[in-house]
Amino acid sequence: MRAGHTVRVVMTHSATRLISPATLAALTGNPVVVDVFDEPEPGQIAHIRLAQDSDLILIAPATAHTIARLALGLADDMLTTIALATRAPILVAPAMNPAMWTHPATQAHVQTLRARGVEFIDPTYGVMACGDEGWGKIADTPVIVQAVQQRLQRTHDLQGVRVLVTAGPTYEPIDPVRFVGNRSSGKMGYAVAEAALAHGAVVRLITGPTALTPPVGAEVVRVQTAQQMFEAVQAAFEACDVFIAAAAVADYRPERPLPTKRKRQSQHWTLRLVANPDILGTVAQHKGNRVVVGFAAETDNILHHAQEKLMRKNLDLIAVNNVLEPESGFEGDTNRLTLIYADGRVVPLPLMSKRDCAEQLLQAVREMLLRKGRLTA
Ligand code: PMT
């Protein structure tokens, strides 16, 4: 409210056991609704009006139960009915016991919602009301307020920009059952695709094999091998404004994949590998005024190797992650990126969720698009 927004509060029945609707009505100057049949303004169906008139819906604190209901699309109270009826962006600030937050069921629901464009203000580490310590404490109020402000400001600032994203690993067949691959889960690339969609971009996601649900709204091209990814990128590059290569492409593939499963027959087996095409390095040579962003997965001499890749591959920006560092790089939900620009700037980012990394990356992309005249403010 201090930032000038009109705030309307919707409470679950459980929330009313902790704080009275009258308190929130007095603070916001607007009626508080709890029941689906509440009609504070005669002649108006409250859940539809609130769903349609709101610029943003913030659910804070969000319990494991509410997150599950949102993921399943249930509409069994006023809050979830509005969430289902709205087209406004939804921000969720979870708060719960650490065991509940890290439970695979909750995390699966979070994943489902993220794939649909719902954004999470991740909980922090701390001591809970029950005395347990861990991840699950609601984010600090200034962090939540800032997330709301940023979300409201950035809506559609990449409207119509065509963003091409690669994600996940590639699998290079050895025989019909074995492959050479790597540990990429696709989470980083999918987060970039999700974030780009939330900014209004037109997204084509070329993905290696992953267990993830692709974000709604992206045009998805599924591939297995580096060669297939190369062909898919070549087919889409011409029509894109931005290319972000988050995929962990296998640099080598078995020279002659076997047509049938190789039996165990000797103590040793030598595989001969040949180099795959450098997808990013090849297309970026003809980038024109497109913005081309690479990632670098490094384990040593991090900045030096990333800078070398940035130059050799003719990139505008490279996001480097130290994949030996805990909670960074492959598989997890968080990453710590350092952004290295072609003009020499080096911007280290703190450890954050992959979705937040994607936001930072897109902010950088937007600035570069404006500078290249490919986007107008
Ligand atoms: O998928 P996650 O589990 O979320 O993990 C995220 C990640 C660690 C995979 C991601 O953050 C990341 O670092 N992606 C790039 C991995 C990689 O292949 O890095 P590289 O340093 O080997 O390659 C440099 C760049 O060239 C990358 O943009 C890569 O997509 C591209 N490349 C590499 C080889 C190749 N043959 N063709 C390419 O286009």
# chains A, B, ... in the order shown; residues from 1 in each chain; ligands from 1

call {"tool": "residues_near_ligand", "arguments": {"ligand": "ligand 1", "cutoff": "8 Å", "atoms": "only C-alpha atoms and all ligand atoms", "output": "number ranges by chain"}}
result
A: 166-169, 183-190, 226, 230, 244-252, 275-282, 293-298, 306, 309, 313, 318-321, 323, 328-333, 335, 354

call {"tool": "select_by_dssp", "arguments": {"residues": "range 61-304 of chain A", "states": "strand (DSSP E or B)", "output": "mmCIF file with N, CA, C and O atoms, in the first residue's frame"}}
result
data_model
loop_
_atom_site.group_PDB
_atom_site.id
_atom_site.type_symbol
_atom_site.label_atom_id
_atom_site.label_comp_id
_atom_site.auth_asym_id
_atom_site.auth_seq_id
_atom_site.Cartn_x
_atom_site.Cartn_y
_atom_site.Cartn_z
ATOM 1 N N PRO A 61 1.409 -16.003 3.381
ATOM 2 C CA PRO A 61 2.237 -17.197 3.201
ATOM 3 C C PRO A 61 1.428 -18.296 2.518
ATOM 4 O O PRO A 61 0.229 -18.401 2.737
ATOM 5 N N ALA A 62 2.131 -19.092 1.695
ATOM 6 C CA ALA A 62 1.462 -20.212 1.024
ATOM 7 C C ALA A 62 1.851 -21.510 1.717
ATOM 8 O O ALA A 62 3.043 -21.807 1.850
ATOM 9 N N ILE A 90 0.869 -14.831 -10.999
ATOM 10 C CA ILE A 90 0.711 -15.284 -9.602
ATOM 11 C C ILE A 90 2.102 -15.443 -8.978
ATOM 12 O O ILE A 90 2.977 -16.104 -9.548
ATOM 13 N N LEU A 91 2.285 -14.810 -7.822
ATOM 14 C CA LEU A 91 3.517 -14.968 -7.055
ATOM 15 C C LEU A 91 3.182 -15.729 -5.783
ATOM 16 O O LEU A 91 2.177 -15.425 -5.135
ATOM 17 N N VAL A 92 4.031 -16.685 -5.443
ATOM 18 C CA VAL A 92 3.765 -17.518 -4.268
ATOM 19 C C VAL A 92 4.962 -17.442 -3.317
ATOM 20 O O VAL A 92 6.100 -17.683 -3.737
ATOM 21 N N ALA A 93 4.690 -17.102 -2.065
ATOM 22 C CA ALA A 93 5.757 -17.062 -1.047
ATOM 23 C C ALA A 93 5.489 -18.186 -0.044
ATOM 24 O O ALA A 93 4.712 -18.010 0.892
ATOM 25 N N PRO A 94 6.100 -19.354 -0.244
ATOM 26 C CA PRO A 94 5.793 -20.488 0.635
ATOM 27 C C PRO A 94 6.314 -20.283 2.057
ATOM 28 O O PRO A 94 7.307 -19.594 2.273
ATOM 29 N N GLU A 119 5.328 -17.929 -10.242
ATOM 30 C CA GLU A 119 6.678 -17.655 -9.731
ATOM 31 C C GLU A 119 6.717 -17.794 -8.224
ATOM 32 O O GLU A 119 5.751 -17.456 -7.540
ATOM 33 N N PHE A 120 7.843 -18.284 -7.744
ATOM 34 C CA PHE A 120 7.995 -18.507 -6.303
ATOM 35 C C PHE A 120 9.007 -17.535 -5.720
ATOM 36 O O PHE A 120 10.060 -17.300 -6.303
ATOM 37 N N THR A 124 13.341 -18.984 2.969
ATOM 38 C CA THR A 124 14.729 -18.866 3.429
ATOM 39 C C THR A 124 15.011 -19.923 4.486
ATOM 40 O O THR A 124 14.116 -20.663 4.896
ATOM 41 N N TYR A 125 16.255 -19.922 4.938
ATOM 42 C CA TYR A 125 16.704 -20.859 5.968
ATOM 43 C C TYR A 125 16.467 -20.214 7.331
ATOM 44 O O TYR A 125 16.742 -19.036 7.513
ATOM 45 N N GLY A 126 15.971 -20.964 8.266
ATOM 46 C CA GLY A 126 15.788 -20.373 9.593
ATOM 47 C C GLY A 126 15.135 -21.337 10.551
ATOM 48 O O GLY A 126 14.917 -22.509 10.228
ATOM 49 N N VAL A 127 14.829 -20.821 11.730
ATOM 50 C CA VAL A 127 14.170 -21.639 12.758
ATOM 51 C C VAL A 127 12.667 -21.396 12.628
ATOM 52 O O VAL A 127 12.207 -20.263 12.566
ATOM 53 N N GLU A 133 14.785 -26.446 12.254
ATOM 54 C CA GLU A 133 15.607 -25.491 11.515
ATOM 55 C C GLU A 133 15.782 -26.003 10.094
ATOM 56 O O GLU A 133 15.969 -27.202 9.881
ATOM 57 N N GLY A 134 15.727 -25.109 9.101
ATOM 58 C CA GLY A 134 15.941 -25.527 7.714
ATOM 59 C C GLY A 134 15.310 -24.544 6.751
ATOM 60 O O GLY A 134 14.974 -23.409 7.130
ATOM 61 N N TRP A 135 15.126 -24.993 5.504
ATOM 62 C CA TRP A 135 14.523 -24.157 4.476
ATOM 63 C C TRP A 135 13.010 -24.254 4.598
ATOM 64 O O TRP A 135 12.474 -25.354 4.637
ATOM 65 N N GLY A 136 12.339 -23.133 4.634
ATOM 66 C CA GLY A 136 10.889 -23.185 4.754
ATOM 67 C C GLY A 136 10.333 -21.910 5.355
ATOM 68 O O GLY A 136 9.124 -21.686 5.354
ATOM 69 N N LYS A 137 11.239 -21.076 5.883
ATOM 70 C CA LYS A 137 10.805 -19.803 6.493
ATOM 71 C C LYS A 137 10.405 -18.840 5.387
ATOM 72 O O LYS A 137 11.117 -18.707 4.388
ATOM 73 N N ARG A 162 11.726 -12.988 -30.213
ATOM 74 C CA ARG A 162 11.787 -14.430 -30.475
ATOM 75 C C ARG A 162 13.058 -15.015 -29.848
ATOM 76 O O ARG A 162 14.177 -14.692 -30.271
ATOM 77 N N VAL A 163 12.831 -15.811 -28.819
ATOM 78 C CA VAL A 163 13.958 -16.342 -28.035
ATOM 79 C C VAL A 163 14.095 -17.842 -28.289
ATOM 80 O O VAL A 163 13.146 -18.604 -28.113
ATOM 81 N N LEU A 164 15.283 -18.224 -28.708
ATOM 82 C CA LEU A 164 15.591 -19.639 -28.945
ATOM 83 C C LEU A 164 16.448 -20.130 -27.777
ATOM 84 O O LEU A 164 17.452 -19.503 -27.441
ATOM 85 N N VAL A 165 16.015 -21.229 -27.152
ATOM 86 C CA VAL A 165 16.730 -21.740 -25.968
ATOM 87 C C VAL A 165 17.062 -23.213 -26.187
ATOM 88 O O VAL A 165 16.208 -23.972 -26.657
ATOM 89 N N THR A 166 18.300 -23.605 -25.852
ATOM 90 C CA THR A 166 18.589 -25.046 -25.788
ATOM 91 C C THR A 166 18.728 -25.439 -24.326
ATOM 92 O O THR A 166 19.188 -24.646 -23.501
ATOM 93 N N ALA A 167 18.312 -26.669 -24.013
ATOM 94 C CA ALA A 167 18.331 -27.119 -22.625
ATOM 95 C C ALA A 167 18.622 -28.612 -22.557
ATOM 96 O O ALA A 167 18.385 -29.343 -23.523
ATOM 97 N N PRO A 169 20.693 -32.340 -21.562
ATOM 98 C CA PRO A 169 21.875 -33.025 -22.080
ATOM 99 C C PRO A 169 21.637 -33.487 -23.511
ATOM 100 O O PRO A 169 20.544 -33.318 -24.047
ATOM 101 N N GLU A 172 24.376 -39.606 -26.717
ATOM 102 C CA GLU A 172 25.078 -40.061 -27.918
ATOM 103 C C GLU A 172 25.143 -41.581 -27.880
ATOM 104 O O GLU A 172 25.836 -42.158 -27.027
ATOM 105 N N PRO A 173 24.406 -42.263 -28.765
ATOM 106 C CA PRO A 173 24.271 -43.720 -28.638
ATOM 107 C C PRO A 173 25.581 -44.486 -28.846
ATOM 108 O O PRO A 173 26.366 -44.146 -29.728
ATOM 109 N N PHE A 179 24.421 -45.059 -23.828
ATOM 110 C CA PHE A 179 24.767 -43.787 -24.470
ATOM 111 C C PHE A 179 25.869 -43.073 -23.700
ATOM 112 O O PHE A 179 26.120 -43.374 -22.529
ATOM 113 N N VAL A 180 26.508 -42.107 -24.354
ATOM 114 C CA VAL A 180 27.409 -41.172 -23.683
ATOM 115 C C VAL A 180 26.564 -39.927 -23.409
ATOM 116 O O VAL A 180 25.904 -39.418 -24.310
ATOM 117 N N VAL A 202 8.395 -14.858 -27.508
ATOM 118 C CA VAL A 202 7.953 -16.041 -28.246
ATOM 119 C C VAL A 202 9.114 -17.033 -28.133
ATOM 120 O O VAL A 202 10.221 -16.738 -28.577
ATOM 121 N N VAL A 203 8.851 -18.174 -27.503
ATOM 122 C CA VAL A 203 9.967 -19.040 -27.136
ATOM 123 C C VAL A 203 9.938 -20.364 -27.893
ATOM 124 O O VAL A 203 8.909 -21.043 -27.942
ATOM 125 N N ARG A 204 11.086 -20.708 -28.472
ATOM 126 C CA ARG A 204 11.258 -22.062 -28.989
ATOM 127 C C ARG A 204 12.307 -22.748 -28.117
ATOM 128 O O ARG A 204 13.428 -22.235 -27.953
ATOM 129 N N LEU A 205 11.919 -23.866 -27.542
ATOM 130 C CA LEU A 205 12.800 -24.592 -26.623
ATOM 131 C C LEU A 205 13.246 -25.881 -27.295
ATOM 132 O O LEU A 205 12.422 -26.754 -27.576
ATOM 133 N N ILE A 206 14.546 -25.987 -27.553
ATOM 134 C CA ILE A 206 15.077 -27.222 -28.139
ATOM 135 C C ILE A 206 15.708 -27.997 -26.989
ATOM 136 O O ILE A 206 16.671 -27.532 -26.374
ATOM 137 N N THR A 207 15.115 -29.117 -26.692
ATOM 138 C CA THR A 207 15.522 -29.810 -25.462
ATOM 139 C C THR A 207 16.016 -31.224 -25.703
ATOM 140 O O THR A 207 15.411 -31.992 -26.451
ATOM 141 N N GLU A 219 7.239 -23.331 -27.823
ATOM 142 C CA GLU A 219 7.216 -24.303 -28.919
ATOM 143 C C GLU A 219 8.382 -25.255 -28.643
ATOM 144 O O GLU A 219 9.541 -24.826 -28.577
ATOM 145 N N VAL A 220 8.068 -26.516 -28.444
ATOM 146 C CA VAL A 220 9.098 -27.449 -27.960
ATOM 147 C C VAL A 220 9.565 -28.381 -29.074
ATOM 148 O O VAL A 220 8.747 -28.963 -29.786
ATOM 149 N N VAL A 221 10.877 -28.488 -29.219
ATOM 150 C CA VAL A 221 11.458 -29.434 -30.174
ATOM 151 C C VAL A 221 12.317 -30.397 -29.349
ATOM 152 O O VAL A 221 13.238 -29.970 -28.658
ATOM 153 N N ARG A 222 11.975 -31.666 -29.406
ATOM 154 C CA ARG A 222 12.705 -32.644 -28.603
ATOM 155 C C ARG A 222 13.756 -33.344 -29.455
ATOM 156 O O ARG A 222 13.449 -33.795 -30.566
ATOM 157 N N VAL A 242 17.131 -13.740 -30.223
ATOM 158 C CA VAL A 242 18.034 -14.068 -29.120
ATOM 159 C C VAL A 242 18.247 -15.574 -29.102
ATOM 160 O O VAL A 242 17.285 -16.330 -29.243
ATOM 161 N N PHE A 243 19.498 -15.995 -28.928
ATOM 162 C CA PHE A 243 19.767 -17.424 -28.759
ATOM 163 C C PHE A 243 20.485 -17.612 -27.421
ATOM 164 O O PHE A 243 21.526 -16.995 -27.178
ATOM 165 N N ILE A 244 19.892 -18.442 -26.570
ATOM 166 C CA ILE A 244 20.517 -18.726 -25.270
ATOM 167 C C ILE A 244 20.786 -20.227 -25.192
ATOM 168 O O ILE A 244 19.858 -21.040 -25.181
ATOM 169 N N ALA A 245 22.056 -20.580 -25.165
ATOM 170 C CA ALA A 245 22.455 -21.993 -25.230
ATOM 171 C C ALA A 245 22.789 -22.501 -23.829
ATOM 172 O O ALA A 245 23.914 -22.352 -23.348
ATOM 173 N N ALA A 248 23.782 -28.785 -22.197
ATOM 174 C CA ALA A 248 25.103 -29.387 -22.000
ATOM 175 C C ALA A 248 25.284 -30.392 -23.145
ATOM 176 O O ALA A 248 24.872 -31.552 -23.048
ATOM 177 N N TYR A 252 31.660 -35.068 -27.684
ATOM 178 C CA TYR A 252 32.088 -36.228 -28.489
ATOM 179 C C TYR A 252 30.989 -37.275 -28.533
ATOM 180 O O TYR A 252 30.190 -37.379 -27.606
ATOM 181 N N ARG A 253 30.985 -38.057 -29.594
ATOM 182 C CA ARG A 253 30.018 -39.161 -29.712
ATOM 183 C C ARG A 253 30.764 -40.407 -30.181
ATOM 184 O O ARG A 253 31.802 -40.287 -30.866
ATOM 185 N N PRO A 254 30.247 -41.577 -29.862
ATOM 186 C CA PRO A 254 30.864 -42.802 -30.366
ATOM 187 C C PRO A 254 30.891 -42.774 -31.898
ATOM 188 O O PRO A 254 29.882 -42.433 -32.528
ATOM 189 N N LEU A 273 35.749 -42.157 -29.961
ATOM 190 C CA LEU A 273 34.810 -41.038 -30.023
ATOM 191 C C LEU A 273 35.257 -40.032 -31.083
ATOM 192 O O LEU A 273 36.458 -39.857 -31.298
ATOM 193 N N VAL A 274 34.281 -39.397 -31.700
ATOM 194 C CA VAL A 274 34.608 -38.312 -32.641
ATOM 195 C C VAL A 274 33.899 -37.035 -32.177
ATOM 196 O O VAL A 274 32.874 -37.105 -31.493
ATOM 197 N N ALA A 275 34.446 -35.904 -32.579
ATOM 198 C CA ALA A 275 33.898 -34.621 -32.108
ATOM 199 C C ALA A 275 32.518 -34.353 -32.722
ATOM 200 O O ALA A 275 32.287 -34.618 -33.900
ATOM 201 N N VAL A 291 21.249 -11.269 -30.340
ATOM 202 C CA VAL A 291 21.978 -11.409 -29.074
ATOM 203 C C VAL A 291 22.208 -12.905 -28.843
ATOM 204 O O VAL A 291 21.253 -13.692 -28.853
ATOM 205 N N VAL A 292 23.455 -13.278 -28.685
ATOM 206 C CA VAL A 292 23.783 -14.702 -28.507
ATOM 207 C C VAL A 292 24.489 -14.904 -27.157
ATOM 208 O O VAL A 292 25.509 -14.272 -26.872
ATOM 209 N N VAL A 293 23.888 -15.778 -26.360
ATOM 210 C CA VAL A 293 24.368 -16.013 -24.996
ATOM 211 C C VAL A 293 24.736 -17.487 -24.836
ATOM 212 O O VAL A 293 23.942 -18.368 -25.184
ATOM 213 N N GLY A 294 25.921 -17.738 -24.311
ATOM 214 C CA GLY A 294 26.323 -19.113 -24.020
ATOM 215 C C GLY A 294 26.423 -19.329 -22.523
ATOM 216 O O GLY A 294 26.405 -18.379 -21.742
ATOM 217 N N PHE A 295 26.502 -20.578 -22.150
ATOM 218 C CA PHE A 295 26.829 -20.948 -20.777
ATOM 219 C C PHE A 295 28.201 -21.591 -20.803
ATOM 220 O O PHE A 295 28.630 -22.087 -21.857
ATOM 221 N N ALA A 296 28.873 -21.606 -19.685
ATOM 222 C CA ALA A 296 30.130 -22.354 -19.597
ATOM 223 C C ALA A 296 30.101 -23.152 -18.305
ATOM 224 O O ALA A 296 29.915 -22.584 -17.224
ATOM 225 N N ALA A 297 30.218 -24.460 -18.434
ATOM 226 C CA ALA A 297 30.288 -25.335 -17.263
ATOM 227 C C ALA A 297 31.768 -25.603 -17.020
ATOM 228 O O ALA A 297 32.399 -26.310 -17.807
ATOM 229 N N GLU A 298 32.295 -25.026 -15.955
ATOM 230 C CA GLU A 298 33.742 -25.128 -15.717
ATOM 231 C C GLU A 298 34.040 -25.779 -14.368
ATOM 232 O O GLU A 298 33.201 -25.758 -13.458
#

call {"tool": "residues_around", "arguments": {"residues": "Cys357 in chain A", "least_positions_apart": "2", "cutoff": "10 Å", "atoms": "only C-alpha atoms", "output": "PyMOL selection string"}}
result
chain A and resi 188+191-192+195+319+334-338+349-355+359-363

call {"tool": "write_last_selection", "arguments": {"atoms": "N, CA and C atoms", "output": "PDB file, in the first residue's frame"}}
result
ATOM      1  N   MET A 188      18.084 -25.510 -15.801  1.00  0.00           N
ATOM      2  CA  MET A 188      18.545 -24.140 -16.090  1.00  0.00           C
ATOM      3  C   MET A 188      17.910 -23.626 -17.396  1.00  0.00           C
ATOM      4  N   ALA A 191      14.219 -23.011 -17.068  1.00  0.00           N
ATOM      5  CA  ALA A 191      13.959 -21.779 -16.295  1.00  0.00           C
ATOM      6  C   ALA A 191      14.097 -20.557 -17.201  1.00  0.00           C
ATOM      7  N   VAL A 192      15.080 -20.586 -18.103  1.00  0.00           N
ATOM      8  CA  VAL A 192      15.259 -19.467 -19.042  1.00  0.00           C
ATOM      9  C   VAL A 192      14.025 -19.372 -19.950  1.00  0.00           C
ATOM     10  N   ALA A 195      11.024 -18.030 -17.947  1.00  0.00           N
ATOM     11  CA  ALA A 195      11.158 -16.600 -17.645  1.00  0.00           C
ATOM     12  C   ALA A 195      10.921 -15.780 -18.916  1.00  0.00           C
ATOM     13  N   ALA A 319      27.503 -17.047 -19.453  1.00  0.00           N
ATOM     14  CA  ALA A 319      27.163 -17.229 -18.039  1.00  0.00           C
ATOM     15  C   ALA A 319      27.931 -18.451 -17.564  1.00  0.00           C
ATOM     16  N   THR A 334      19.252 -24.501  -7.721  1.00  0.00           N
ATOM     17  CA  THR A 334      19.940 -23.213  -7.578  1.00  0.00           C
ATOM     18  C   THR A 334      21.193 -23.174  -8.443  1.00  0.00           C
ATOM     19  N   ASN A 335      21.705 -21.979  -8.639  1.00  0.00           N
ATOM     20  CA  ASN A 335      22.939 -21.834  -9.412  1.00  0.00           C
ATOM     21  C   ASN A 335      23.634 -20.548  -8.979  1.00  0.00           C
ATOM     22  N   ARG A 336      24.942 -20.517  -9.196  1.00  0.00           N
ATOM     23  CA  ARG A 336      25.681 -19.283  -8.965  1.00  0.00           C
ATOM     24  C   ARG A 336      26.396 -18.961 -10.273  1.00  0.00           C
ATOM     25  N   LEU A 337      25.936 -17.915 -10.939  1.00  0.00           N
ATOM     26  CA  LEU A 337      26.476 -17.566 -12.255  1.00  0.00           C
ATOM     27  C   LEU A 337      27.369 -16.340 -12.156  1.00  0.00           C
ATOM     28  N   THR A 338      28.365 -16.289 -13.013  1.00  0.00           N
ATOM     29  CA  THR A 338      29.091 -15.036 -13.249  1.00  0.00           C
ATOM     30  C   THR A 338      28.847 -14.688 -14.710  1.00  0.00           C
ATOM     31  N   LEU A 349      27.075 -13.055  -9.772  1.00  0.00           N
ATOM     32  CA  LEU A 349      25.758 -13.050  -9.137  1.00  0.00           C
ATOM     33  C   LEU A 349      25.798 -13.963  -7.911  1.00  0.00           C
ATOM     34  N   PRO A 350      24.996 -13.681  -6.890  1.00  0.00           N
ATOM     35  CA  PRO A 350      24.975 -14.581  -5.727  1.00  0.00           C
ATOM     36  C   PRO A 350      24.269 -15.895  -6.041  1.00  0.00           C
ATOM     37  N   LEU A 351      24.363 -16.838  -5.113  1.00  0.00           N
ATOM     38  CA  LEU A 351      23.619 -18.099  -5.249  1.00  0.00           C
ATOM     39  C   LEU A 351      22.123 -17.773  -5.240  1.00  0.00           C
ATOM     40  N   MET A 352      21.387 -18.256  -6.213  1.00  0.00           N
ATOM     41  CA  MET A 352      19.942 -17.987  -6.278  1.00  0.00           C
ATOM     42  C   MET A 352      19.248 -19.117  -7.033  1.00  0.00           C
ATOM     43  N   SER A 353      17.934 -19.091  -7.045  1.00  0.00           N
ATOM     44  CA  SER A 353      17.207 -20.137  -7.760  1.00  0.00           C
ATOM     45  C   SER A 353      17.512 -20.010  -9.253  1.00  0.00           C
ATOM     46  N   LYS A 354      17.387 -21.110  -9.978  1.00  0.00           N
ATOM     47  CA  LYS A 354      17.660 -21.067 -11.422  1.00  0.00           C
ATOM     48  C   LYS A 354      16.696 -20.101 -12.105  1.00  0.00           C
ATOM     49  N   ARG A 355      15.484 -19.995 -11.568  1.00  0.00           N
ATOM     50  CA  ARG A 355      14.528 -19.068 -12.151  1.00  0.00           C
ATOM     51  C   ARG A 355      15.020 -17.625 -11.994  1.00  0.00           C
ATOM     52  N   GLU A 359      16.082 -14.727 -14.709  1.00  0.00           N
ATOM     53  CA  GLU A 359      15.613 -13.330 -14.719  1.00  0.00           C
ATOM     54  C   GLU A 359      16.781 -12.372 -14.926  1.00  0.00           C
ATOM     55  N   GLN A 360      17.864 -12.623 -14.213  1.00  0.00           N
ATOM     56  CA  GLN A 360      19.046 -11.751 -14.326  1.00  0.00           C
ATOM     57  C   GLN A 360      19.585 -11.792 -15.751  1.00  0.00           C
ATOM     58  N   LEU A 361      19.604 -12.990 -16.290  1.00  0.00           N
ATOM     59  CA  LEU A 361      20.139 -13.182 -17.646  1.00  0.00           C
ATOM     60  C   LEU A 361      19.278 -12.423 -18.659  1.00  0.00           C
ATOM     61  N   LEU A 362      17.954 -12.511 -18.479  1.00  0.00           N
ATOM     62  CA  LEU A 362      17.059 -11.843 -19.430  1.00  0.00           C
ATOM     63  C   LEU A 362      17.120 -10.328 -19.315  1.00  0.00           C
ATOM     64  N   GLN A 363      17.382  -9.858 -18.105  1.00  0.00           N
ATOM     65  CA  GLN A 363      17.567  -8.415 -17.935  1.00  0.00           C
ATOM     66  C   GLN A 363      18.780  -7.966 -18.753  1.00  0.00           C
TER      67      GLN A 363
END

call {"tool": "residues_around", "arguments": {"residues": "Pro21 in chain A", "least_positions_apart": "2", "cutoff": "10 Å", "atoms": "only C-alpha atoms", "output": "MDAnalysis selection string"}}
result
chainID A and resid 9:11 15:19 23:27 31:34

call {"tool": "write_last_selection", "arguments": {"atoms": "C-alpha atoms", "output": "compact mmCIF listing (two decimals), in the first residue's frame"}}
result
# COMPACT_ATOMS: atom_id res chain seq x y z
CA VAL A 9 -7.16 -9.41 0.79
CA VAL A 10 -8.56 -12.89 0.30
CA MET A 11 -8.15 -15.27 3.22
CA ALA A 15 -5.82 -17.94 7.89
CA THR A 16 -8.76 -16.47 9.80
CA ARG A 17 -7.72 -18.59 12.82
CA LEU A 18 -4.46 -16.63 12.97
CA ILE A 19 -5.59 -13.10 12.11
CA THR A 23 -7.91 -6.31 10.98
CA LEU A 24 -6.94 -6.71 7.32
CA ALA A 25 -10.07 -4.90 6.15
CA ALA A 26 -9.21 -1.96 8.41
CA LEU A 27 -5.58 -1.92 7.23
CA PRO A 31 -13.53 -5.69 2.39
CA VAL A 32 -11.83 -9.04 3.01
CA VAL A 33 -13.37 -12.09 1.37
CA VAL A 34 -13.09 -15.62 2.72

call {"tool": "atom_distance", "arguments": {"atom1": "CA of Thr213 in chain A", "atom2": "CA of Asn322 in chain A"}}
result
25.9 Å

call {"tool": "atom_distance", "arguments": {"atom1": "CA of Leu370 in chain A", "atom2": "CA of Ala196 in chain A"}}
result
15.9 Å

call {"tool": "closest_residue", "arguments": {"among": "A:Pro123, A:Leu258, A:Ala88, A:Ala64", "to": "His109 in chain A", "atoms": "only C-alpha atoms"}}
result
A:Ala64

call {"tool": "atom_distance", "arguments": {"atom1": "CA of Ile121 in chain A", "atom2": "CA of Pro142 in chain A"}}
result
11.4 Å

call {"tool": "closest_residue", "arguments": {"among": "A:Ala201, A:Met78, A:Ile48, A:Val161", "to": "Thr376 in chain A", "atoms": "only C-alpha atoms"}}
result
A:Val161

call {"tool": "select_by_dssp", "arguments": {"residues": "range 36-186 of chain A", "states": "helix (DSSP H, G or I)", "output": "number ranges by chain"}}
result
A: 46-53, 64-72, 78-85, 98-102, 104-115, 141-154

call {"tool": "closest_residue", "arguments": {"among": "A:Met128, A:Ala68, A:Ile340, A:Leu50", "to": "Leu113 in chain A", "atoms": "only C-alpha atoms"}}
result
A:Ala68

call {"tool": "residues_around", "arguments": {"residues": "Ala3 in chain A", "least_positions_apart": "2", "cutoff": "12 Å", "atoms": "only C-alpha atoms", "output": "list in words"}}
result
Met1, His5, Thr6, Val7, Pro142, Val145, Gln146, Val148, Gln149 and Leu152 of chain A

call {"tool": "write_last_selection", "arguments": {"atoms": "N, CA and C atoms", "output": "PDB file, in the first residue's frame"}}
result
ATOM      1  N   MET A   1       0.835  -1.201   0.000  1.00  0.00           N
ATOM      2  CA  MET A   1       0.000   0.000   0.000  1.00  0.00           C
ATOM      3  C   MET A   1       0.865   1.244   0.000  1.00  0.00           C
ATOM      4  N   HIS A   5      -0.140   0.866  -4.253  1.00  0.00           N
ATOM      5  CA  HIS A   5      -1.032  -0.148  -4.824  1.00  0.00           C
ATOM      6  C   HIS A   5      -2.333  -0.249  -4.031  1.00  0.00           C
ATOM      7  N   THR A   6      -3.389  -0.669  -4.729  1.00  0.00           N
ATOM      8  CA  THR A   6      -4.639  -1.009  -4.053  1.00  0.00           C
ATOM      9  C   THR A   6      -4.535  -2.474  -3.667  1.00  0.00           C
ATOM     10  N   VAL A   7      -4.739  -2.773  -2.401  1.00  0.00           N
ATOM     11  CA  VAL A   7      -4.576  -4.150  -1.933  1.00  0.00           C
ATOM     12  C   VAL A   7      -5.928  -4.703  -1.487  1.00  0.00           C
ATOM     13  N   PRO A 142      10.517  -7.239   2.914  1.00  0.00           N
ATOM     14  CA  PRO A 142      11.053  -6.388   1.834  1.00  0.00           C
ATOM     15  C   PRO A 142      11.366  -7.186   0.567  1.00  0.00           C
ATOM     16  N   VAL A 145       7.987  -7.716  -1.149  1.00  0.00           N
ATOM     17  CA  VAL A 145       7.499  -6.460  -1.746  1.00  0.00           C
ATOM     18  C   VAL A 145       8.301  -6.157  -3.018  1.00  0.00           C
ATOM     19  N   GLN A 146       9.614  -6.358  -2.945  1.00  0.00           N
ATOM     20  CA  GLN A 146      10.455  -6.084  -4.123  1.00  0.00           C
ATOM     21  C   GLN A 146      10.088  -7.014  -5.284  1.00  0.00           C
ATOM     22  N   VAL A 148       7.210  -8.331  -5.896  1.00  0.00           N
ATOM     23  CA  VAL A 148       5.931  -7.857  -6.453  1.00  0.00           C
ATOM     24  C   VAL A 148       6.177  -6.668  -7.367  1.00  0.00           C
ATOM     25  N   GLN A 149       6.981  -5.713  -6.880  1.00  0.00           N
ATOM     26  CA  GLN A 149       7.259  -4.507  -7.679  1.00  0.00           C
ATOM     27  C   GLN A 149       7.916  -4.883  -9.004  1.00  0.00           C
ATOM     28  N   LEU A 152       5.527  -6.568 -11.425  1.00  0.00           N
ATOM     29  CA  LEU A 152       4.581  -5.630 -12.041  1.00  0.00           C
ATOM     30  C   LEU A 152       5.264  -4.788 -13.115  1.00  0.00           C
TER      31      LEU A 152
END

call {"tool": "closest_residue", "arguments": {"among": "A:Ile138, A:Ala198, A:Ala193, A:Ala115", "to": "Asn97 in chain A", "atoms": "only C-alpha atoms"}}
result
A:Ile138
